[in-house]
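*Asks:* Just run01.cif, nothing more (mmCIF, N, CA and C atoms):
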data_run
loop_
_atom_site.label_atom_id
_atom_site.label_comp_id
_atom_site.auth_asym_id
_atom_site.auth_seq_id
_atom_site.Cartn_x
_atom_site.Cartn_y
_atom_site.Cartn_z
N MET A 165 -14.83 13.66 13.23
CA MET A 165 -14.27 12.60 14.06
C MET A 165 -12.83 12.99 14.39
N PHE A 166 -12.48 12.93 15.63
CA PHE A 166 -11.15 13.32 16.08
C PHE A 166 -10.35 12.08 16.46
N PHE A 167 -9.11 12.04 15.96
CA PHE A 167 -8.21 10.95 16.30
C PHE A 167 -6.99 11.53 17.00
N SER A 168 -6.56 10.87 18.05
CA SER A 168 -5.38 11.33 18.76
C SER A 168 -4.15 10.58 18.24
N ASP A 169 -3.00 10.98 18.73
CA ASP A 169 -1.74 10.35 18.33
C ASP A 169 -1.30 9.28 19.32
N ARG A 170 -2.22 8.80 20.14
CA ARG A 170 -1.84 7.81 21.15
C ARG A 170 -1.37 6.50 20.53
N TYR A 171 -1.95 6.13 19.39
CA TYR A 171 -1.67 4.83 18.80
C TYR A 171 -0.90 4.94 17.48
N ILE A 172 -0.18 6.03 17.29
CA ILE A 172 0.48 6.28 16.02
C ILE A 172 1.53 5.21 15.69
N GLU A 173 2.22 4.68 16.69
CA GLU A 173 3.22 3.64 16.44
C GLU A 173 2.56 2.36 15.94
N ILE A 174 1.43 2.02 16.55
CA ILE A 174 0.70 0.82 16.13
C ILE A 174 0.15 1.01 14.73
N GLU A 175 -0.41 2.17 14.45
CA GLU A 175 -0.98 2.45 13.13
C GLU A 175 0.09 2.38 12.05
N ASN A 176 1.22 3.02 12.29
CA ASN A 176 2.30 3.01 11.30
C ASN A 176 2.88 1.63 11.11
N SER A 177 2.98 0.86 12.18
CA SER A 177 3.46 -0.52 12.06
C SER A 177 2.51 -1.36 11.23
N LEU A 178 1.22 -1.21 11.46
CA LEU A 178 0.23 -1.94 10.67
C LEU A 178 0.30 -1.56 9.20
N VAL A 179 0.45 -0.28 8.93
CA VAL A 179 0.54 0.17 7.53
C VAL A 179 1.78 -0.43 6.87
N ALA A 180 2.91 -0.42 7.56
CA ALA A 180 4.13 -0.99 6.99
C ALA A 180 3.97 -2.48 6.72
N ILE A 181 3.35 -3.18 7.65
CA ILE A 181 3.14 -4.63 7.46
C ILE A 181 2.21 -4.89 6.29
N VAL A 182 1.13 -4.14 6.20
CA VAL A 182 0.15 -4.36 5.14
C VAL A 182 0.73 -4.00 3.77
N ILE A 183 1.65 -3.07 3.71
CA ILE A 183 2.28 -2.73 2.44
C ILE A 183 3.38 -3.73 2.08
N LEU A 184 4.21 -4.07 3.05
CA LEU A 184 5.36 -4.92 2.76
C LEU A 184 5.05 -6.40 2.63
N LEU A 185 4.07 -6.89 3.34
CA LEU A 185 3.77 -8.32 3.30
C LEU A 185 3.39 -8.81 1.89
N PRO A 186 2.45 -8.16 1.18
CA PRO A 186 2.17 -8.62 -0.18
C PRO A 186 3.36 -8.48 -1.12
N LEU A 187 4.16 -7.42 -0.94
CA LEU A 187 5.35 -7.25 -1.77
C LEU A 187 6.35 -8.39 -1.56
N CYS A 188 6.59 -8.72 -0.30
CA CYS A 188 7.55 -9.79 0.00
C CYS A 188 7.04 -11.15 -0.46
N LEU A 189 5.76 -11.41 -0.29
CA LEU A 189 5.22 -12.69 -0.73
C LEU A 189 5.27 -12.81 -2.26
N ASN A 190 4.97 -11.73 -2.95
CA ASN A 190 5.05 -11.76 -4.41
C ASN A 190 6.49 -11.86 -4.89
N ALA A 191 7.40 -11.20 -4.20
CA ALA A 191 8.82 -11.29 -4.56
C ALA A 191 9.33 -12.72 -4.35
N LYS A 192 8.87 -13.36 -3.31
CA LYS A 192 9.26 -14.75 -3.06
C LYS A 192 8.68 -15.66 -4.14
N ARG A 193 7.44 -15.41 -4.53
CA ARG A 193 6.80 -16.23 -5.56
C ARG A 193 7.50 -16.08 -6.91
N ILE A 194 7.92 -14.87 -7.24
CA ILE A 194 8.60 -14.62 -8.51
C ILE A 194 10.09 -15.00 -8.42
N LYS A 195 10.58 -15.23 -7.21
CA LYS A 195 11.99 -15.53 -6.94
C LYS A 195 12.89 -14.35 -7.30
N LEU A 196 12.45 -13.19 -6.84
CA LEU A 196 13.18 -11.95 -7.09
C LEU A 196 14.54 -11.96 -6.42
N PHE A 197 14.63 -12.56 -5.24
CA PHE A 197 15.87 -12.50 -4.48
C PHE A 197 16.95 -13.42 -5.03
N LYS A 198 16.58 -14.42 -5.83
CA LYS A 198 17.58 -15.30 -6.44
C LYS A 198 18.15 -14.71 -7.72
N ASN A 199 17.29 -14.14 -8.54
CA ASN A 199 17.71 -13.56 -9.82
C ASN A 199 17.27 -12.10 -9.87
N PHE A 200 17.90 -11.26 -9.08
CA PHE A 200 17.45 -9.88 -9.00
C PHE A 200 17.74 -9.14 -10.28
N SER A 201 16.71 -8.47 -10.79
CA SER A 201 16.85 -7.57 -11.93
C SER A 201 15.80 -6.48 -11.78
N PHE A 202 16.05 -5.40 -12.48
CA PHE A 202 15.11 -4.28 -12.41
C PHE A 202 13.75 -4.67 -12.98
N ASN A 203 13.74 -5.45 -14.06
CA ASN A 203 12.48 -5.88 -14.67
C ASN A 203 11.67 -6.77 -13.72
N LEU A 204 12.35 -7.65 -12.98
CA LEU A 204 11.64 -8.48 -12.00
C LEU A 204 11.11 -7.64 -10.84
N LEU A 205 11.87 -6.64 -10.44
CA LEU A 205 11.41 -5.74 -9.39
C LEU A 205 10.15 -4.99 -9.82
N VAL A 206 10.16 -4.49 -11.04
CA VAL A 206 8.98 -3.79 -11.56
C VAL A 206 7.80 -4.74 -11.68
N ALA A 207 8.04 -5.97 -12.13
CA ALA A 207 6.97 -6.96 -12.23
C ALA A 207 6.40 -7.29 -10.86
N THR A 208 7.26 -7.38 -9.86
CA THR A 208 6.79 -7.65 -8.50
C THR A 208 5.91 -6.53 -7.98
N ILE A 209 6.36 -5.31 -8.16
CA ILE A 209 5.59 -4.16 -7.66
C ILE A 209 4.29 -4.01 -8.43
N ASN A 210 4.34 -4.19 -9.75
CA ASN A 210 3.11 -4.11 -10.55
C ASN A 210 2.14 -5.23 -10.18
N GLY A 211 2.66 -6.40 -9.87
CA GLY A 211 1.81 -7.53 -9.50
C GLY A 211 1.10 -7.35 -8.18
N THR A 212 1.68 -6.60 -7.29
CA THR A 212 1.04 -6.40 -5.99
C THR A 212 0.15 -5.16 -5.95
N PHE A 213 0.15 -4.39 -7.01
CA PHE A 213 -0.65 -3.16 -7.02
C PHE A 213 -2.14 -3.46 -6.84
N LEU A 214 -2.66 -4.44 -7.55
CA LEU A 214 -4.08 -4.78 -7.42
C LEU A 214 -4.39 -5.27 -6.01
N ILE A 215 -3.49 -6.03 -5.43
CA ILE A 215 -3.70 -6.50 -4.05
C ILE A 215 -3.76 -5.31 -3.09
N HIS A 216 -2.88 -4.33 -3.29
CA HIS A 216 -2.89 -3.15 -2.43
C HIS A 216 -4.17 -2.34 -2.61
N VAL A 217 -4.66 -2.25 -3.83
CA VAL A 217 -5.91 -1.53 -4.06
C VAL A 217 -7.06 -2.23 -3.34
N LEU A 218 -7.11 -3.55 -3.44
CA LEU A 218 -8.17 -4.30 -2.76
C LEU A 218 -8.08 -4.16 -1.25
N ILE A 219 -6.87 -4.20 -0.71
CA ILE A 219 -6.70 -3.99 0.74
C ILE A 219 -7.16 -2.60 1.12
N GLY A 220 -6.82 -1.59 0.32
CA GLY A 220 -7.26 -0.22 0.60
C GLY A 220 -8.77 -0.08 0.59
N LEU A 221 -9.42 -0.72 -0.39
CA LEU A 221 -10.89 -0.67 -0.44
C LEU A 221 -11.51 -1.37 0.76
N LEU A 222 -10.93 -2.49 1.16
CA LEU A 222 -11.42 -3.21 2.33
C LEU A 222 -11.24 -2.38 3.60
N LEU A 223 -10.10 -1.72 3.74
CA LEU A 223 -9.87 -0.86 4.90
C LEU A 223 -10.83 0.33 4.91
N MET A 224 -11.08 0.92 3.74
CA MET A 224 -12.01 2.05 3.68
C MET A 224 -13.43 1.62 4.03
N LEU A 225 -13.83 0.44 3.57
CA LEU A 225 -15.15 -0.08 3.93
C LEU A 225 -15.25 -0.32 5.43
N THR A 226 -14.20 -0.90 6.01
CA THR A 226 -14.18 -1.13 7.45
C THR A 226 -14.24 0.18 8.23
N SER A 227 -13.48 1.16 7.80
CA SER A 227 -13.50 2.46 8.47
C SER A 227 -14.87 3.13 8.32
N TYR A 228 -15.50 2.98 7.18
CA TYR A 228 -16.84 3.55 6.98
C TYR A 228 -17.84 2.91 7.94
N ILE A 229 -17.75 1.61 8.07
CA ILE A 229 -18.65 0.91 8.99
C ILE A 229 -18.42 1.39 10.43
N PHE A 230 -17.15 1.54 10.81
CA PHE A 230 -16.85 2.03 12.16
C PHE A 230 -17.31 3.48 12.34
N SER A 231 -17.16 4.31 11.31
CA SER A 231 -17.60 5.70 11.45
C SER A 231 -19.11 5.79 11.57
N GLU A 232 -19.84 4.93 10.86
CA GLU A 232 -21.29 4.89 11.02
C GLU A 232 -21.67 4.43 12.42
N TRP A 233 -20.90 3.49 12.95
CA TRP A 233 -21.14 3.00 14.30
C TRP A 233 -20.90 4.10 15.32
N ILE A 234 -19.86 4.91 15.10
CA ILE A 234 -19.56 6.01 16.00
C ILE A 234 -20.63 7.09 15.89
N ASP A 235 -21.07 7.38 14.66
CA ASP A 235 -22.09 8.42 14.46
C ASP A 235 -23.43 8.04 15.07
N SER A 236 -23.65 6.76 15.29
CA SER A 236 -24.92 6.34 15.88
C SER A 236 -24.94 6.51 17.40
N GLY A 237 -23.89 7.09 17.97
CA GLY A 237 -23.90 7.38 19.39
C GLY A 237 -22.92 6.56 20.20
N ASN A 238 -22.26 5.63 19.60
CA ASN A 238 -21.28 4.83 20.33
C ASN A 238 -19.97 5.62 20.47
N GLN A 239 -19.19 5.25 21.45
CA GLN A 239 -17.95 5.97 21.70
C GLN A 239 -16.81 5.39 20.87
N LEU A 240 -15.82 6.25 20.66
CA LEU A 240 -14.62 5.85 19.95
C LEU A 240 -13.73 5.05 20.90
N ASN A 241 -13.44 3.82 20.53
CA ASN A 241 -12.54 3.03 21.38
C ASN A 241 -11.20 2.88 20.67
N SER A 242 -10.26 2.23 21.32
CA SER A 242 -8.91 2.15 20.79
C SER A 242 -8.85 1.37 19.48
N LEU A 243 -9.60 0.28 19.37
CA LEU A 243 -9.59 -0.51 18.13
C LEU A 243 -10.09 0.31 16.95
N THR A 244 -11.17 1.03 17.16
CA THR A 244 -11.72 1.88 16.11
C THR A 244 -10.72 2.95 15.70
N GLU A 245 -10.09 3.53 16.69
CA GLU A 245 -9.10 4.58 16.41
C GLU A 245 -7.91 4.03 15.64
N ILE A 246 -7.45 2.84 15.98
CA ILE A 246 -6.31 2.23 15.29
C ILE A 246 -6.68 1.89 13.84
N ILE A 247 -7.86 1.30 13.65
CA ILE A 247 -8.26 0.91 12.30
C ILE A 247 -8.48 2.13 11.41
N CYS A 248 -9.18 3.12 11.91
CA CYS A 248 -9.44 4.32 11.11
C CYS A 248 -8.16 5.11 10.84
N GLY A 249 -7.29 5.21 11.83
CA GLY A 249 -6.02 5.90 11.63
C GLY A 249 -5.12 5.16 10.66
N SER A 250 -5.11 3.84 10.75
CA SER A 250 -4.30 3.03 9.81
C SER A 250 -4.83 3.16 8.40
N THR A 251 -6.15 3.20 8.26
CA THR A 251 -6.74 3.38 6.94
C THR A 251 -6.34 4.71 6.34
N PHE A 252 -6.43 5.76 7.13
CA PHE A 252 -6.03 7.08 6.63
C PHE A 252 -4.57 7.08 6.20
N SER A 253 -3.70 6.52 7.02
CA SER A 253 -2.27 6.47 6.69
C SER A 253 -2.01 5.62 5.45
N TYR A 254 -2.70 4.49 5.34
CA TYR A 254 -2.53 3.58 4.20
C TYR A 254 -2.94 4.26 2.89
N VAL A 255 -4.09 4.94 2.93
CA VAL A 255 -4.56 5.64 1.73
C VAL A 255 -3.64 6.79 1.39
N PHE A 256 -3.17 7.51 2.38
CA PHE A 256 -2.25 8.63 2.15
C PHE A 256 -0.95 8.14 1.51
N VAL A 257 -0.37 7.09 2.07
CA VAL A 257 0.88 6.53 1.52
C VAL A 257 0.63 6.01 0.11
N GLY A 258 -0.50 5.36 -0.11
CA GLY A 258 -0.81 4.82 -1.43
C GLY A 258 -0.96 5.90 -2.48
N LEU A 259 -1.70 6.94 -2.16
CA LEU A 259 -1.96 7.98 -3.14
C LEU A 259 -0.75 8.87 -3.42
N PHE A 260 0.01 9.19 -2.40
CA PHE A 260 1.06 10.18 -2.57
C PHE A 260 2.47 9.60 -2.67
N PHE A 261 2.64 8.32 -2.38
CA PHE A 261 3.96 7.72 -2.48
C PHE A 261 3.98 6.49 -3.38
N TYR A 262 3.06 5.55 -3.15
CA TYR A 262 3.10 4.27 -3.85
C TYR A 262 2.73 4.41 -5.32
N ILE A 263 1.64 5.08 -5.63
CA ILE A 263 1.22 5.24 -7.03
C ILE A 263 2.23 6.07 -7.82
N PRO A 264 2.74 7.20 -7.32
CA PRO A 264 3.77 7.91 -8.08
C PRO A 264 5.05 7.08 -8.26
N PHE A 265 5.40 6.27 -7.25
CA PHE A 265 6.58 5.41 -7.36
C PHE A 265 6.38 4.37 -8.47
N ILE A 266 5.20 3.78 -8.53
CA ILE A 266 4.90 2.80 -9.58
C ILE A 266 4.97 3.48 -10.96
N ALA A 267 4.39 4.65 -11.07
CA ALA A 267 4.43 5.37 -12.34
C ALA A 267 5.88 5.69 -12.73
N LEU A 268 6.69 6.11 -11.78
CA LEU A 268 8.08 6.46 -12.07
C LEU A 268 8.89 5.25 -12.52
N ILE A 269 8.78 4.12 -11.81
CA ILE A 269 9.60 2.97 -12.20
C ILE A 269 9.11 2.37 -13.51
N ASN A 270 7.82 2.45 -13.80
CA ASN A 270 7.34 1.99 -15.09
C ASN A 270 7.80 2.91 -16.22
N LEU A 271 7.87 4.21 -15.95
CA LEU A 271 8.41 5.16 -16.93
C LEU A 271 9.89 4.89 -17.18
N ILE A 272 10.65 4.66 -16.12
CA ILE A 272 12.07 4.34 -16.28
C ILE A 272 12.24 3.05 -17.07
N ARG A 273 11.43 2.06 -16.76
CA ARG A 273 11.50 0.79 -17.50
C ARG A 273 11.15 0.99 -18.97
N TYR A 274 10.12 1.78 -19.25
CA TYR A 274 9.72 2.05 -20.62
C TYR A 274 10.83 2.76 -21.39
N ILE A 275 11.44 3.76 -20.77
CA ILE A 275 12.51 4.50 -21.43
C ILE A 275 13.72 3.60 -21.67
N SER A 276 14.06 2.77 -20.70
CA SER A 276 15.22 1.89 -20.88
C SER A 276 14.97 0.86 -21.97
N VAL A 277 13.75 0.34 -22.07
CA VAL A 277 13.44 -0.61 -23.14
C VAL A 277 13.49 0.08 -24.49
N ARG A 278 12.96 1.29 -24.57
CA ARG A 278 13.00 2.05 -25.83
C ARG A 278 14.43 2.36 -26.25
N MET A 279 15.27 2.74 -25.27
CA MET A 279 16.67 3.03 -25.60
C MET A 279 17.40 1.78 -26.01
N HIS A 280 17.12 0.68 -25.38
CA HIS A 280 17.76 -0.59 -25.70
C HIS A 280 17.33 -1.05 -27.11
N ASN A 281 16.05 -0.87 -27.44
CA ASN A 281 15.56 -1.28 -28.77
C ASN A 281 16.06 -0.35 -29.86
N SER A 282 16.28 0.92 -29.56
CA SER A 282 16.76 1.85 -30.58
C SER A 282 18.22 1.62 -30.93
N LYS A 283 18.98 0.99 -30.02
CA LYS A 283 20.39 0.68 -30.29
C LYS A 283 20.54 -0.49 -31.23
N LYS A 284 19.50 -1.30 -31.36
CA LYS A 284 19.58 -2.49 -32.22
C LYS A 284 19.36 -2.17 -33.65
#
Translate this file's structure into structure tokens.
*Replies:*
Amino acid sequence: MFFSDRYIEIENSLVAIVILLPLCLNAKRIKLFKNFSFNLLVATINGTFLIHVLIGLLLMLTSYIFSEWIDSGNQLNSLTEIICGSTFSYVFVGLFFYIPFIALINLIRYISVRMHNSKK
């Protein structure tokens, strides 16, 4: 299946919205912006991880359905191209940026808690 770069701005905008919207809603729910701390930031990001995984699975299922529809002889239209391209970008960002970022900030949090407890 071939995708062009005609809709790359729309795809990237959708990916940014789908990543940032759950983070912002969870940050608002936890009231991160009123009492900002590193621990609250980590809790916010960890809390939205499951939501992002579910969104990714839903996008992959949708893209699979569209790819089956295309393989059955139908033509690739702009909506299909945007959804499949957004799914690819979302999964790529999740696997290579979001998951390592979560691992890194949790490691930093773990080390800082261990150092803080060892001083006591």
*Asks:* So that I can check the surroundings of stretch 268-282 of chain A, please list as an NGL selection string every protein, DNA and RNA residue that reaches within 7 Å of it, counting all atoms listed in the file and ignoring chain neighbours fewer than 4 positions away.
*Replies:* :A and (206 or 263-264)
*Asks:* Work out how far apart atom N of A:Asn190 and atom N of A:Ser177 are and give it in Å to one decimal.
*Replies:*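 Here the two named atoms are 19.8 Å from each other.
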*Asks:* Find the residues near A:Gly249: any atom within 8 Å, counting all atoms listed in the file, skip ones fewer than 2 places away on the same chain, and give them as a ChimeraX atom specification.
*Replies:* /A:167,171-172,174-176,179,227,243-247,251-255
*Asks:* Work out how far atom N of A:Phe213 is from atom N of A:Pro186, in Å to one decimal.
*Replies:* 9.3 Å
*Asks:* Take the PyMOL selection byres (((chain A and resi 220 and name CA) around 10) and name CA), run it mentally on this structure, and tell me the resulting residues as a PDB file with N, CA and C atoms, in the coordinates of the input.
*Replies:*
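Ended up saving to out26.pdb:
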ATOM      1  N   VAL A 182       1.130  -4.140   6.200  1.00  0.00           N
ATOM      2  CA  VAL A 182       0.150  -4.360   5.140  1.00  0.00           C
ATOM      3  C   VAL A 182       0.730  -4.000   3.770  1.00  0.00           C
ATOM      4  N   LEU A 214      -2.660  -4.440  -7.550  1.00  0.00           N
ATOM      5  CA  LEU A 214      -4.080  -4.780  -7.420  1.00  0.00           C
ATOM      6  C   LEU A 214      -4.390  -5.270  -6.010  1.00  0.00           C
ATOM      7  N   ILE A 215      -3.490  -6.030  -5.430  1.00  0.00           N
ATOM      8  CA  ILE A 215      -3.700  -6.500  -4.050  1.00  0.00           C
ATOM      9  C   ILE A 215      -3.760  -5.310  -3.090  1.00  0.00           C
ATOM     10  N   HIS A 216      -2.880  -4.330  -3.290  1.00  0.00           N
ATOM     11  CA  HIS A 216      -2.890  -3.150  -2.430  1.00  0.00           C
ATOM     12  C   HIS A 216      -4.170  -2.340  -2.610  1.00  0.00           C
ATOM     13  N   VAL A 217      -4.660  -2.250  -3.830  1.00  0.00           N
ATOM     14  CA  VAL A 217      -5.910  -1.530  -4.060  1.00  0.00           C
ATOM     15  C   VAL A 217      -7.060  -2.230  -3.340  1.00  0.00           C
ATOM     16  N   LEU A 218      -7.110  -3.550  -3.440  1.00  0.00           N
ATOM     17  CA  LEU A 218      -8.170  -4.300  -2.760  1.00  0.00           C
ATOM     18  C   LEU A 218      -8.080  -4.160  -1.250  1.00  0.00           C
ATOM     19  N   ILE A 219      -6.870  -4.200  -0.710  1.00  0.00           N
ATOM     20  CA  ILE A 219      -6.700  -3.990   0.740  1.00  0.00           C
ATOM     21  C   ILE A 219      -7.160  -2.600   1.120  1.00  0.00           C
ATOM     22  N   LEU A 221      -9.420  -0.720  -0.390  1.00  0.00           N
ATOM     23  CA  LEU A 221     -10.890  -0.670  -0.440  1.00  0.00           C
ATOM     24  C   LEU A 221     -11.510  -1.370   0.760  1.00  0.00           C
ATOM     25  N   LEU A 222     -10.930  -2.490   1.160  1.00  0.00           N
ATOM     26  CA  LEU A 222     -11.420  -3.210   2.330  1.00  0.00           C
ATOM     27  C   LEU A 222     -11.240  -2.380   3.600  1.00  0.00           C
ATOM     28  N   LEU A 223     -10.100  -1.720   3.740  1.00  0.00           N
ATOM     29  CA  LEU A 223      -9.870  -0.860   4.900  1.00  0.00           C
ATOM     30  C   LEU A 223     -10.830   0.330   4.910  1.00  0.00           C
ATOM     31  N   MET A 224     -11.080   0.920   3.740  1.00  0.00           N
ATOM     32  CA  MET A 224     -12.010   2.050   3.680  1.00  0.00           C
ATOM     33  C   MET A 224     -13.430   1.620   4.030  1.00  0.00           C
ATOM     34  N   LEU A 225     -13.830   0.440   3.570  1.00  0.00           N
ATOM     35  CA  LEU A 225     -15.150  -0.080   3.930  1.00  0.00           C
ATOM     36  C   LEU A 225     -15.250  -0.320   5.430  1.00  0.00           C
ATOM     37  N   THR A 226     -14.200  -0.900   6.010  1.00  0.00           N
ATOM     38  CA  THR A 226     -14.180  -1.130   7.450  1.00  0.00           C
ATOM     39  C   THR A 226     -14.240   0.180   8.230  1.00  0.00           C
ATOM     40  N   THR A 251      -6.150   3.200   8.260  1.00  0.00           N
ATOM     41  CA  THR A 251      -6.740   3.380   6.940  1.00  0.00           C
ATOM     42  C   THR A 251      -6.340   4.710   6.340  1.00  0.00           C
ATOM     43  N   PHE A 252      -6.430   5.760   7.130  1.00  0.00           N
ATOM     44  CA  PHE A 252      -6.030   7.080   6.630  1.00  0.00           C
ATOM     45  C   PHE A 252      -4.570   7.080   6.200  1.00  0.00           C
ATOM     46  N   TYR A 254      -2.700   4.490   5.340  1.00  0.00           N
ATOM     47  CA  TYR A 254      -2.530   3.580   4.200  1.00  0.00           C
ATOM     48  C   TYR A 254      -2.940   4.260   2.890  1.00  0.00           C
ATOM     49  N   VAL A 255      -4.090   4.940   2.930  1.00  0.00           N
ATOM     50  CA  VAL A 255      -4.560   5.640   1.730  1.00  0.00           C
ATOM     51  C   VAL A 255      -3.640   6.790   1.390  1.00  0.00           C
ATOM     52  N   GLY A 258      -0.500   5.360  -0.110  1.00  0.00           N
ATOM     53  CA  GLY A 258      -0.810   4.820  -1.430  1.00  0.00           C
ATOM     54  C   GLY A 258      -0.960   5.900  -2.480  1.00  0.00           C
TER      55      GLY A 258
END
*Asks:* For A:Leu185, which of A:Ile209, A:Phe260, A:Lys283, A:Ser250 is the closest residue, counting only C-alpha atoms?
*Replies:*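 Nearest candidate to A:Leu185 out of A:Ile209, A:Phe260, A:Lys283, A:Ser250: A:Ile209.
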*Asks:* Kindly list the centre and edge lengths in Å, rounded to one decimal, for the axis-aligned box that covers all listed atoms of stretch 255-274 of chain A plus 8 Å on each of its six sides, as AutoDock Vina command-line options.
*Replies:*
--center_x 3.8 --center_y 5.5 --center_z -9.2 --size_x 32.8 --size_y 25.4 --size_z 40.3
*Asks:* How many Å separate atom C of A:Asp169 from atom CA of A:Phe256?
*Replies:*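 According to the coordinates, atom C of A:Asp169 and atom CA of A:Phe256 are separated by 17.2 Å.
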